[in-house]
$ cat input-v8.csv   # CSV, C-alpha atoms
chain,number,residue,atom,x,y,z
A,19,MET,CA,81.6,81.6,126.9
A,20,GLY,CA,78.6,83.3,125.4
A,21,ALA,CA,77.0,80.0,124.5
A,22,VAL,CA,77.8,78.3,127.8
A,23,THR,CA,76.9,81.2,130.2
A,24,GLY,CA,74.4,83.0,128.1
A,25,LYS,CA,76.2,86.3,129.0
A,26,GLY,CA,78.3,88.8,127.1
A,27,LEU,CA,81.9,89.4,128.0
A,28,SER,CA,81.2,92.7,129.7
A,29,ASP,CA,78.7,91.0,132.0
A,30,LEU,CA,81.3,88.3,132.9
A,31,ILE,CA,84.0,90.9,133.5
A,32,ARG,CA,81.8,92.9,135.9
A,33,GLU,CA,80.7,89.8,137.8
A,34,ASN,CA,84.2,88.2,138.1
A,35,PHE,CA,86.6,91.1,138.5
A,36,PRO,CA,86.9,93.8,141.2
A,37,LEU,CA,85.1,97.1,140.4
A,38,ARG,CA,88.4,99.0,139.8
A,39,LEU,CA,89.7,96.3,137.4
A,40,THR,CA,86.4,96.2,135.6
A,41,VAL,CA,86.5,100.0,135.1
A,42,PHE,CA,90.1,99.8,133.9
A,43,VAL,CA,89.4,97.0,131.4
A,44,MET,CA,86.3,98.7,130.0
A,45,PHE,CA,88.2,102.0,129.8
A,46,ILE,CA,90.8,100.2,127.7
A,47,PHE,CA,88.0,98.8,125.6
A,48,LEU,CA,86.5,102.2,125.1
A,49,LEU,CA,89.8,103.7,124.2
A,50,ALA,CA,90.6,101.0,121.6
A,51,ASN,CA,87.1,101.1,120.1
A,52,GLY,CA,87.1,104.9,120.0
A,53,GLY,CA,90.2,104.7,117.8
A,54,VAL,CA,88.7,102.2,115.4
A,55,ILE,CA,85.5,104.2,115.2
A,56,VAL,CA,87.5,107.2,114.2
A,57,SER,CA,89.3,105.1,111.6
A,58,GLU,CA,86.0,104.0,110.1
A,59,PHE,CA,84.7,107.5,109.6
A,60,ILE,CA,88.0,108.5,108.1
A,61,GLY,CA,87.4,105.6,105.7
A,62,ILE,CA,83.9,106.9,104.8
A,63,ALA,CA,85.4,110.3,104.1
A,64,ALA,CA,88.3,108.9,102.1
A,65,ALA,CA,85.9,106.8,100.0
A,66,LEU,CA,83.6,109.7,99.3
A,67,ASN,CA,86.7,111.8,98.4
A,68,LEU,CA,87.3,109.4,95.5
A,69,PHE,CA,83.9,110.5,94.2
A,70,GLY,CA,84.8,114.1,94.6
A,71,ILE,CA,82.9,114.7,97.8
A,72,PRO,CA,84.9,116.7,100.4
A,73,SER,CA,85.3,115.4,103.9
A,74,TRP,CA,83.4,118.2,105.5
A,75,ILE,CA,80.3,117.0,103.6
A,76,GLY,CA,80.9,113.3,103.4
A,77,ALA,CA,81.8,112.6,107.1
A,78,PRO,CA,78.6,114.3,108.5
A,79,CYS,CA,76.4,112.7,105.9
A,80,GLY,CA,77.9,109.3,106.8
A,81,GLY,CA,77.4,110.0,110.5
A,82,VAL,CA,73.7,111.0,110.1
A,83,LEU,CA,73.0,108.0,107.9
A,84,ILE,CA,74.5,105.5,110.4
A,85,TRP,CA,72.7,107.1,113.3
A,86,TRP,CA,69.4,107.1,111.5
A,87,LEU,CA,69.8,103.5,110.3
A,88,VAL,CA,70.6,102.2,113.8
A,89,ALA,CA,68.1,104.4,115.7
A,90,ARG,CA,65.2,104.3,113.2
A,91,GLY,CA,65.9,101.7,110.5
A,92,SER,CA,66.1,98.0,110.2
A,93,TYR,CA,69.8,97.3,110.8
A,94,LYS,CA,69.7,93.6,109.6
A,95,ARG,CA,68.3,94.6,106.2
A,96,VAL,CA,70.9,97.3,105.8
A,97,GLU,CA,73.7,95.0,106.9
A,98,LYS,CA,72.9,92.7,104.0
A,99,VAL,CA,73.3,95.6,101.6
A,100,PHE,CA,76.6,96.6,103.1
A,101,LEU,CA,77.9,93.1,103.0
A,102,ALA,CA,76.9,92.8,99.3
A,103,VAL,CA,78.8,96.0,98.5
A,104,THR,CA,82.0,94.7,100.0
A,105,PHE,CA,82.1,91.9,97.5
A,106,VAL,CA,83.8,94.4,95.2
A,107,PHE,CA,87.0,93.3,97.0
A,108,PHE,CA,86.9,90.2,94.9
A,109,ALA,CA,88.5,92.5,92.3
A,110,TYR,CA,91.7,92.2,94.2
A,111,ILE,CA,91.8,88.4,93.4
A,112,PHE,CA,91.6,89.2,89.7
A,113,SER,CA,94.0,92.1,90.0
A,114,ALA,CA,96.6,89.9,91.8
A,115,PHE,CA,96.6,87.4,88.9
A,116,LEU,CA,96.5,90.1,86.1
A,117,ALA,CA,99.5,91.9,87.7
A,118,LYS,CA,101.5,88.7,87.0
A,119,PRO,CA,103.6,88.5,90.2
A,120,ASN,CA,106.4,86.1,90.7
A,121,TRP,CA,104.3,83.3,92.3
A,122,GLY,CA,107.5,81.5,93.5
A,123,LYS,CA,108.3,84.6,95.6
A,124,VAL,CA,104.7,84.9,96.7
A,125,LEU,CA,104.7,81.3,98.1
A,126,ALA,CA,108.0,81.8,99.7
A,127,GLY,CA,106.9,85.0,101.4
A,128,THR,CA,103.7,83.4,102.5
A,129,PHE,CA,105.4,80.5,104.4
A,130,ILE,CA,108.8,81.9,105.3
A,131,PRO,CA,108.4,85.0,107.5
A,132,THR,CA,110.7,88.0,107.0
A,133,ILE,CA,111.8,89.6,110.3
A,134,GLN,CA,113.4,93.0,110.3
A,135,LEU,CA,114.7,94.4,113.6
A,136,LYS,CA,113.6,98.0,112.7
A,137,GLY,CA,111.3,100.3,114.5
A,138,ALA,CA,109.1,100.8,111.5
A,139,PHE,CA,108.8,97.0,111.0
A,140,ILE,CA,107.8,96.5,114.6
A,141,LEU,CA,105.3,99.3,114.5
A,142,THR,CA,103.7,97.9,111.4
A,143,LEU,CA,103.6,94.4,112.9
A,144,VAL,CA,101.9,95.5,116.1
A,145,ALA,CA,99.4,97.6,114.1
A,146,ALA,CA,98.7,94.5,111.9
A,147,VAL,CA,97.9,92.5,115.0
A,148,GLY,CA,95.8,95.3,116.3
A,149,THR,CA,93.6,95.4,113.2
A,150,THR,CA,93.4,91.6,112.9
A,151,ILE,CA,92.5,90.7,116.5
A,152,SER,CA,90.8,94.0,117.4
A,153,PRO,CA,89.6,94.2,121.0
A,154,TYR,CA,86.1,95.1,119.9
A,155,MET,CA,85.7,91.8,118.1
A,156,GLN,CA,86.1,89.8,121.4
A,157,LEU,CA,83.2,91.7,123.1
A,158,TYR,CA,81.0,92.0,120.0
A,159,ILE,CA,81.0,88.4,119.0
A,160,GLN,CA,80.3,87.1,122.5
A,161,SER,CA,77.5,89.6,123.0
A,162,ALA,CA,76.0,88.7,119.7
A,163,VAL,CA,76.1,85.0,120.6
A,164,ALA,CA,74.5,85.7,124.0
A,165,GLU,CA,71.9,88.0,122.4
A,166,ARG,CA,70.9,85.4,119.8
A,167,GLY,CA,70.5,82.8,122.5
A,168,VAL,CA,73.0,80.4,120.9
A,169,GLN,CA,73.1,77.1,122.8
A,170,MET,CA,76.0,74.6,122.9
A,171,SER,CA,73.8,72.4,120.6
A,172,ASP,CA,74.2,75.2,118.0
A,173,TYR,CA,77.8,75.9,118.8
A,174,LYS,CA,79.3,73.9,116.0
A,175,TYR,CA,77.5,76.0,113.4
A,176,GLU,CA,78.6,79.2,115.2
A,177,ARG,CA,82.2,78.1,115.2
A,178,LEU,CA,81.9,77.1,111.5
A,179,GLU,CA,80.6,80.6,110.7
A,180,VAL,CA,83.7,82.1,112.4
A,181,TYR,CA,86.1,79.8,110.6
A,182,VAL,CA,84.5,80.6,107.2
A,183,GLY,CA,84.5,84.3,107.9
A,184,SER,CA,88.2,84.2,109.0
A,185,ILE,CA,89.3,82.3,106.0
A,186,PHE,CA,87.4,84.6,103.6
A,187,SER,CA,88.7,87.8,105.1
A,188,VAL,CA,92.4,86.6,105.4
A,189,SER,CA,92.2,85.3,101.8
A,190,ILE,CA,91.1,88.7,100.5
A,191,ALA,CA,93.9,90.3,102.6
A,192,PHE,CA,96.3,87.9,101.0
A,193,PHE,CA,95.3,89.0,97.5
A,194,ILE,CA,95.4,92.7,98.5
A,195,ILE,CA,99.0,92.2,99.6
A,196,VAL,CA,99.9,90.4,96.4
A,197,SER,CA,98.2,93.1,94.3
A,198,THR,CA,99.9,96.0,96.0
A,199,ALA,CA,103.3,94.2,96.0
A,200,ALA,CA,103.0,93.4,92.2
A,201,THR,CA,101.9,96.9,91.3
A,202,LEU,CA,102.9,99.7,93.7
A,203,PHE,CA,106.0,97.9,95.1
A,204,VAL,CA,107.3,96.7,91.7
A,205,ALA,CA,106.7,100.2,90.2
A,206,SER,CA,108.9,101.7,92.8
A,207,HIS,CA,111.7,99.3,91.8
A,208,GLY,CA,111.7,97.6,95.2
A,209,LYS,CA,112.0,100.8,97.2
A,210,GLY,CA,108.4,100.8,98.4
A,211,VAL,CA,105.8,103.5,98.2
A,212,ALA,CA,104.6,105.6,101.2
A,213,LEU,CA,100.9,105.6,100.7
A,214,GLY,CA,99.2,108.8,101.9
A,215,SER,CA,95.6,108.4,100.7
A,216,ALA,CA,92.9,105.9,99.6
A,217,ALA,CA,93.4,107.1,96.0
A,218,GLU,CA,97.0,105.9,96.1
A,219,ALA,CA,96.0,102.5,97.5
A,220,ALA,CA,93.4,102.2,94.8
A,221,GLN,CA,96.1,102.1,92.2
A,222,ALA,CA,96.7,98.4,93.0
A,223,LEU,CA,93.4,97.7,91.2
A,224,VAL,CA,94.5,99.4,87.9
A,225,PRO,CA,95.7,96.1,86.3
A,226,PHE,CA,92.2,94.8,86.5
A,227,LEU,CA,89.9,97.8,86.3
A,228,GLY,CA,92.0,100.4,84.7
A,229,ILE,CA,90.5,103.9,85.0
A,230,PHE,CA,87.6,102.5,87.1
A,231,ALA,CA,90.0,101.3,89.8
A,232,SER,CA,89.4,104.2,92.2
A,233,ARG,CA,85.7,103.9,91.8
A,234,ALA,CA,85.6,100.2,92.6
A,235,PHE,CA,88.0,100.7,95.5
A,236,ALA,CA,85.8,103.5,96.8
A,237,VAL,CA,82.6,101.4,96.7
A,238,GLY,CA,84.2,98.6,98.6
A,239,LEU,CA,85.8,100.9,101.1
A,240,LEU,CA,82.6,102.8,101.6
A,241,GLY,CA,80.5,99.6,102.2
A,242,ALA,CA,83.0,98.1,104.6
A,243,ALA,CA,83.5,101.4,106.5
A,244,LEU,CA,79.7,102.1,106.8
A,245,LEU,CA,79.0,98.6,108.1
A,246,ALA,CA,81.8,98.8,110.7
A,247,SER,CA,80.9,102.4,111.7
A,248,GLY,CA,77.4,101.2,112.6
A,249,VAL,CA,78.5,98.0,114.4
A,250,LEU,CA,81.4,99.6,116.4
A,251,PRO,CA,79.6,102.4,118.2
A,252,LEU,CA,76.6,100.1,118.8
A,253,SER,CA,78.7,97.3,120.3
A,254,THR,CA,80.7,99.7,122.4
A,255,SER,CA,77.6,101.3,123.8
A,256,TYR,CA,76.0,97.9,124.4
A,257,SER,CA,79.2,96.5,126.1
A,258,LEU,CA,79.7,99.5,128.4
A,259,SER,CA,76.0,99.7,129.3
A,260,GLU,CA,76.1,95.9,130.0
A,261,ALA,CA,79.3,96.2,132.2
A,262,PHE,CA,77.8,99.0,134.4
A,263,GLY,CA,74.2,97.8,134.6
A,264,PHE,CA,72.5,100.4,132.4
A,265,GLU,CA,69.5,99.8,130.2
A,266,ARG,CA,70.6,99.0,126.7
A,267,GLY,CA,69.4,98.0,123.3
A,268,VAL,CA,68.1,99.5,120.0
A,269,GLY,CA,64.6,98.6,121.1
A,270,ARG,CA,64.8,101.0,124.0
A,271,THR,CA,63.9,104.7,123.8
A,272,TRP,CA,66.1,107.6,124.8
A,273,ASN,CA,64.3,107.9,128.1
A,274,GLU,CA,64.6,104.2,128.8
A,275,ALA,CA,68.3,104.0,127.9
A,276,PRO,CA,69.9,107.5,128.0
A,277,PHE,CA,73.5,106.2,128.7
A,278,PHE,CA,73.3,103.7,125.8
A,279,TRP,CA,72.0,106.2,123.2
A,280,GLY,CA,74.1,109.1,124.6
A,281,LEU,CA,77.3,107.1,124.2
A,282,PHE,CA,76.3,105.9,120.8
A,283,THR,CA,75.7,109.4,119.6
A,284,VAL,CA,78.9,110.9,121.2
A,285,LEU,CA,81.1,108.1,119.6
A,286,ILE,CA,79.6,108.9,116.1
A,287,LEU,CA,80.1,112.7,116.7
A,288,ILE,CA,83.8,112.2,117.6
A,289,GLY,CA,84.4,110.1,114.6
A,290,VAL,CA,82.7,112.6,112.3
A,291,VAL,CA,84.5,115.6,113.7
A,292,ILE,CA,87.9,114.1,113.4
A,293,ALA,CA,87.2,112.8,109.9
A,294,MET,CA,86.1,116.3,108.8
A,295,LEU,CA,89.6,117.8,109.6
A,296,PRO,CA,91.3,119.0,106.4
A,297,ASN,CA,94.5,117.5,105.0
A,298,LEU,CA,94.5,114.5,107.3
A,299,PRO,CA,97.5,112.1,106.8
A,300,VAL,CA,94.9,109.3,106.5
A,301,ILE,CA,97.3,106.3,106.2
A,302,GLN,CA,99.5,107.4,109.1
A,303,ILE,CA,96.5,108.1,111.3
A,304,LEU,CA,95.1,104.6,110.6
A,305,LEU,CA,98.4,103.0,111.3
A,306,ASN,CA,98.7,104.7,114.6
A,307,LEU,CA,95.1,103.9,115.6
A,308,TYR,CA,95.6,100.2,114.9
A,309,LEU,CA,99.0,100.4,116.7
A,310,LEU,CA,97.0,101.6,119.8
A,311,ASN,CA,94.7,98.6,119.4
A,312,GLY,CA,97.7,96.3,119.3
A,313,LEU,CA,99.1,97.8,122.5
A,314,LEU,CA,95.8,97.5,124.4
A,315,LEU,CA,94.9,94.1,123.0
A,316,PRO,CA,96.9,92.0,125.6
A,317,ILE,CA,94.8,93.3,128.5
A,318,ILE,CA,91.5,92.1,126.9
A,319,LEU,CA,93.1,88.8,125.9
A,320,PHE,CA,94.3,87.9,129.4
A,321,ALA,CA,90.9,88.8,130.9
A,322,ILE,CA,89.3,86.4,128.4
A,323,LEU,CA,91.8,83.6,129.1
A,324,TYR,CA,91.2,84.0,132.8
A,325,LEU,CA,87.5,83.7,132.4
A,326,VAL,CA,87.4,80.8,129.9
A,327,ASN,CA,89.5,78.7,132.3
A,328,GLN,CA,87.1,79.1,135.3
A,329,LYS,CA,85.3,75.8,135.9
A,330,ARG,CA,82.6,77.5,137.9
A,331,LEU,CA,81.7,79.4,134.7
A,332,MET,CA,82.5,77.0,132.0
A,333,GLY,CA,82.0,73.6,133.6
A,334,SER,CA,83.5,71.0,131.3
A,335,TYR,CA,84.0,73.6,128.5
A,336,THR,CA,87.1,75.2,129.9
A,337,ASN,CA,90.1,75.4,127.5
A,338,GLY,CA,91.9,72.1,127.1
A,339,LEU,CA,95.7,71.9,127.3
A,340,ALA,CA,96.3,72.4,123.6
A,341,TYR,CA,94.0,75.4,123.4
A,342,ASN,CA,95.7,77.0,126.4
A,343,VAL,CA,99.2,76.4,125.0
A,344,VAL,CA,98.2,78.1,121.7
A,345,SER,CA,96.2,80.9,123.2
A,346,TYR,CA,98.6,81.9,126.0
A,347,THR,CA,101.5,81.7,123.5
A,348,LEU,CA,99.8,84.1,121.2
A,349,ALA,CA,98.8,86.4,124.0
A,350,ILE,CA,102.4,86.4,125.3
A,351,VAL,CA,103.8,87.1,121.8
A,352,VAL,CA,101.4,90.0,121.3
A,353,SER,CA,102.3,91.4,124.7
A,354,GLY,CA,106.0,91.0,123.9
A,355,LEU,CA,105.6,92.9,120.6
A,356,ALA,CA,103.7,95.7,122.4
A,357,VAL,CA,106.4,95.9,125.2
A,358,LEU,CA,109.2,95.8,122.6
A,359,TYR,CA,107.7,98.7,120.7
A,360,LEU,CA,107.1,100.8,123.8
A,361,PHE,CA,110.7,100.1,125.0
A,362,THR,CA,112.1,101.3,121.7
A,363,GLN,CA,110.0,104.4,121.8
A,364,VAL,CA,111.2,105.2,125.4
A,365,LEU,CA,114.8,104.7,124.4
A,366,SER,CA,114.3,107.0,121.4
A,367,PHE,CA,113.4,109.9,123.8
A,368,PHE,CA,117.0,109.6,125.1
A,369,GLY,CA,118.5,109.5,121.6
A,370,ILE,CA,119.1,105.7,121.8
A,371,GLN,CA,118.1,103.8,118.6
A,372,LEU,CA,117.8,100.1,119.6
A,373,PHE,CA,116.9,99.2,116.0
A,374,GLY,CA,117.6,100.9,112.7

$ encode --input "input-v8.csv" --output "structure tokens"
Amino acid sequence: MGAVTGKGLSDLIRENFPLRLTVFVMFIFLLANGGVIVSEFIGIAAALNLFGIPSWIGAPCGGVLIWWLVARGSYKRVEKVFLAVTFVFFAYIFSAFLAKPNWGKVLAGTFIPTIQLKGAFILTLVAAVGTTISPYMQLYIQSAVAERGVQMSDYKYERLEVYVGSIFSVSIAFFIIVSTAATLFVASHGKGVALGSAAEAAQALVPFLGIFASRAFAVGLLGAALLASGVLPLSTSYSLSEAFGFERGVGRTWNEAPFFWGLFTVLILIGVVIAMLPNLPVIQILLNLYLLNGLLLPIILFAILYLVNQKRLMGSYTNGLAYNVVSYTLAIVVSGLAVLYLFTQVLSFFGIQLFG
């Protein structure tokens, strides 16, 4: 849609939906993004905790750094540094092999899904969807395509970039799962470990890095969290300004784009303040924030599917039958999971446990 129309998703939503529906969709987007922004600053604080820096120092320093880099620095140059730092996650590949898992079980678990009709399982599944297909990604990617002026003649390269990025990120996630299963899960004799902090999660790297595991995990976590905590407030401010017709862009001054810069600053402040709170149950908070993303995601997905099938917008580039079958099926499945989780929670208020 970005390449065909030359417009971001927020622009298209404003132009093609009634005002009230536009406000509703963008509010959902703000709510979902706000949760992820908080999670990234919690990640910054958690990473710095592994270096012995308390959250009340680490979170504000991270916030000031991000604000200064975006407002005064060269973001593209810094982005390359952040991306280079995240390559420490390659350690999980080595850790997975050095932990010597049962590769037969790994392959079986990869291709044969395990479904448990339990509240905790459904919660985790919805949260996993929320962090994998986060609402902000939909708006950010299209805005980036439109901003860079990508044409349909360049589209094949843009698509290839998305495919490569997806395969890379999912592959790293695969080895993280194998690493944690072969270390933390096995060490618990199959009972599982309730992780409460980044330090506990870092133990999955011990087979590869030994006493340096927490440091390596902290560097990777810090790089990824810093990068996302810069992109997220920026893309949120850009999308909302775009949706409601305000001036936007890092090239604008405060006087030229007060809404854009004001929202950007407020989002960072909220993330910093929450991350500074003492004794945060980090893992549980992150799980609930991504659960919120998973619950709100269907609204964004159905808006996108409506727009991409409009011939007056897309011409001959509307979704074909195969793409519509796949995309609508996935959107319906995600919606069903969200509804099922909400249904179980409502029943639990009345003392009814639908699942164990």

$ closest_residue --input "input-v8.csv" --among "A:Pro251, A:Gly61, A:Gly81, A:Pro36" --to "Val291 in chain A" --atoms "all atoms listed in the file"
A:Gly81

$ atom_distance --input "input-v8.csv" --atom1 "CA of Cys79 in chain A" --atom2 "CA of Pro153 in chain A"
27.3 Å

$ closest_residue --input "input-v8.csv" --among "A:Leu141, A:Leu348, A:Leu281, A:Ala234" --to "Leu252 in chain A" --atoms "all atoms listed in the file"
A:Leu281

$ closest_residue --input "input-v8.csv" --among "A:Ile301, A:Ala65, A:Ala21, A:Ala340" --to "Gly167 in chain A" --atoms "all atoms listed in the file"
A:Ala21

$ residues_around --input "input-v8.csv" --residues "Leu143 in chain A" --least-positions-apart "5" --cutoff "9 Å" --atoms "only C-alpha atoms" --output "count of residues only"
5

$ residues_around --input "input-v8.csv" --residues "range 319-334 of chain A" --least-positions-apart "3" --cutoff "12 Å" --atoms "all atoms listed in the file" --output "PyMOL selection string"
chain A and resi 19-35+39-40+42-44+46-47+148+151-157+160+170+311-316+337-339+341-353

$ write_last_selection --input "input-v8.csv" --atoms "C-alpha atoms" --output "tab-separated table (two decimals), in the frame of the given file"
chain	number	residue	atom	x	y	z
A	19	MET	CA	81.60	81.60	126.90
A	20	GLY	CA	78.60	83.30	125.40
A	21	ALA	CA	77.00	80.00	124.50
A	22	VAL	CA	77.80	78.30	127.80
A	23	THR	CA	76.90	81.20	130.20
A	24	GLY	CA	74.40	83.00	128.10
A	25	LYS	CA	76.20	86.30	129.00
A	26	GLY	CA	78.30	88.80	127.10
A	27	LEU	CA	81.90	89.40	128.00
A	28	SER	CA	81.20	92.70	129.70
A	29	ASP	CA	78.70	91.00	132.00
A	30	LEU	CA	81.30	88.30	132.90
A	31	ILE	CA	84.00	90.90	133.50
A	32	ARG	CA	81.80	92.90	135.90
A	33	GLU	CA	80.70	89.80	137.80
A	34	ASN	CA	84.20	88.20	138.10
A	35	PHE	CA	86.60	91.10	138.50
A	39	LEU	CA	89.70	96.30	137.40
A	40	THR	CA	86.40	96.20	135.60
A	42	PHE	CA	90.10	99.80	133.90
A	43	VAL	CA	89.40	97.00	131.40
A	44	MET	CA	86.30	98.70	130.00
A	46	ILE	CA	90.80	100.20	127.70
A	47	PHE	CA	88.00	98.80	125.60
A	148	GLY	CA	95.80	95.30	116.30
A	151	ILE	CA	92.50	90.70	116.50
A	152	SER	CA	90.80	94.00	117.40
A	153	PRO	CA	89.60	94.20	121.00
A	154	TYR	CA	86.10	95.10	119.90
A	155	MET	CA	85.70	91.80	118.10
A	156	GLN	CA	86.10	89.80	121.40
A	157	LEU	CA	83.20	91.70	123.10
A	160	GLN	CA	80.30	87.10	122.50
A	170	MET	CA	76.00	74.60	122.90
A	311	ASN	CA	94.70	98.60	119.40
A	312	GLY	CA	97.70	96.30	119.30
A	313	LEU	CA	99.10	97.80	122.50
A	314	LEU	CA	95.80	97.50	124.40
A	315	LEU	CA	94.90	94.10	123.00
A	316	PRO	CA	96.90	92.00	125.60
A	337	ASN	CA	90.10	75.40	127.50
A	338	GLY	CA	91.90	72.10	127.10
A	339	LEU	CA	95.70	71.90	127.30
A	341	TYR	CA	94.00	75.40	123.40
A	342	ASN	CA	95.70	77.00	126.40
A	343	VAL	CA	99.20	76.40	125.00
A	344	VAL	CA	98.20	78.10	121.70
A	345	SER	CA	96.20	80.90	123.20
A	346	TYR	CA	98.60	81.90	126.00
A	347	THR	CA	101.50	81.70	123.50
A	348	LEU	CA	99.80	84.10	121.20
A	349	ALA	CA	98.80	86.40	124.00
A	350	ILE	CA	102.40	86.40	125.30
A	351	VAL	CA	103.80	87.10	121.80
A	352	VAL	CA	101.40	90.00	121.30
A	353	SER	CA	102.30	91.40	124.70

$ atom_distance --input "input-v8.csv" --atom1 "CA of Ala145 in chain A" --atom2 "CA of Tyr308 in chain A"
4.7 Å

$ residues_around --input "input-v8.csv" --residues "Ser187 in chain A" --least-positions-apart "3" --cutoff "12 Å" --atoms "only C-alpha atoms" --output "MDAnalysis selection string"
chainID A and resid 104:105 107:108 150 180:184 190:194 242

$ build_atoms --input "input-v8.csv" --residues "range 251-267 of chain A" --atoms "N, CA and C atoms" --output "PDB file, keeping the file's coordinate frame"
ATOM      1  N   PRO A 251      80.164 101.636 117.152  1.00  0.00           N
ATOM      2  CA  PRO A 251      79.600 102.400 118.200  1.00  0.00           C
ATOM      3  C   PRO A 251      78.445 101.693 118.945  1.00  0.00           C
ATOM      4  N   LEU A 252      77.704 100.868 118.184  1.00  0.00           N
ATOM      5  CA  LEU A 252      76.600 100.100 118.800  1.00  0.00           C
ATOM      6  C   LEU A 252      77.145  99.082 119.777  1.00  0.00           C
ATOM      7  N   SER A 253      78.169  98.315 119.365  1.00  0.00           N
ATOM      8  CA  SER A 253      78.700  97.300 120.300  1.00  0.00           C
ATOM      9  C   SER A 253      79.416  97.908 121.448  1.00  0.00           C
ATOM     10  N   THR A 254      80.058  99.059 121.243  1.00  0.00           N
ATOM     11  CA  THR A 254      80.700  99.700 122.400  1.00  0.00           C
ATOM     12  C   THR A 254      79.701 100.214 123.385  1.00  0.00           C
ATOM     13  N   SER A 255      78.638 100.836 122.914  1.00  0.00           N
ATOM     14  CA  SER A 255      77.600 101.300 123.800  1.00  0.00           C
ATOM     15  C   SER A 255      76.916 100.159 124.529  1.00  0.00           C
ATOM     16  N   TYR A 256      76.681  99.080 123.803  1.00  0.00           N
ATOM     17  CA  TYR A 256      76.000  97.900 124.400  1.00  0.00           C
ATOM     18  C   TYR A 256      76.936  97.313 125.491  1.00  0.00           C
ATOM     19  N   SER A 257      78.245  97.150 125.190  1.00  0.00           N
ATOM     20  CA  SER A 257      79.200  96.500 126.100  1.00  0.00           C
ATOM     21  C   SER A 257      79.356  97.339 127.395  1.00  0.00           C
ATOM     22  N   LEU A 258      79.509  98.653 127.235  1.00  0.00           N
ATOM     23  CA  LEU A 258      79.700  99.500 128.400  1.00  0.00           C
ATOM     24  C   LEU A 258      78.438  99.594 129.248  1.00  0.00           C
ATOM     25  N   SER A 259      77.293  99.655 128.592  1.00  0.00           N
ATOM     26  CA  SER A 259      76.000  99.700 129.300  1.00  0.00           C
ATOM     27  C   SER A 259      75.854  98.351 130.090  1.00  0.00           C
ATOM     28  N   GLU A 260      76.210  97.259 129.427  1.00  0.00           N
ATOM     29  CA  GLU A 260      76.100  95.900 130.000  1.00  0.00           C
ATOM     30  C   GLU A 260      77.054  95.829 131.240  1.00  0.00           C
ATOM     31  N   ALA A 261      78.268  96.357 131.097  1.00  0.00           N
ATOM     32  CA  ALA A 261      79.300  96.200 132.200  1.00  0.00           C
ATOM     33  C   ALA A 261      78.854  96.995 133.417  1.00  0.00           C
ATOM     34  N   PHE A 262      78.164  98.119 133.254  1.00  0.00           N
ATOM     35  CA  PHE A 262      77.800  99.000 134.400  1.00  0.00           C
ATOM     36  C   PHE A 262      76.349  98.934 134.773  1.00  0.00           C
ATOM     37  N   GLY A 263      75.610  98.005 134.161  1.00  0.00           N
ATOM     38  CA  GLY A 263      74.200  97.800 134.600  1.00  0.00           C
ATOM     39  C   GLY A 263      73.215  98.771 134.091  1.00  0.00           C
ATOM     40  N   PHE A 264      73.516  99.495 132.997  1.00  0.00           N
ATOM     41  CA  PHE A 264      72.500 100.400 132.400  1.00  0.00           C
ATOM     42  C   PHE A 264      71.632  99.733 131.447  1.00  0.00           C
ATOM     43  N   GLU A 265      70.450 100.291 131.246  1.00  0.00           N
ATOM     44  CA  GLU A 265      69.500  99.800 130.200  1.00  0.00           C
ATOM     45  C   GLU A 265      70.190  99.934 128.852  1.00  0.00           C
ATOM     46  N   ARG A 266      69.920  98.983 127.976  1.00  0.00           N
ATOM     47  CA  ARG A 266      70.600  99.000 126.700  1.00  0.00           C
ATOM     48  C   ARG A 266      69.703  98.347 125.626  1.00  0.00           C
ATOM     49  N   GLY A 267      70.052  98.601 124.356  1.00  0.00           N
ATOM     50  CA  GLY A 267      69.400  98.000 123.300  1.00  0.00           C
ATOM     51  C   GLY A 267      68.690  98.945 122.336  1.00  0.00           C
TER      52      GLY A 267
END
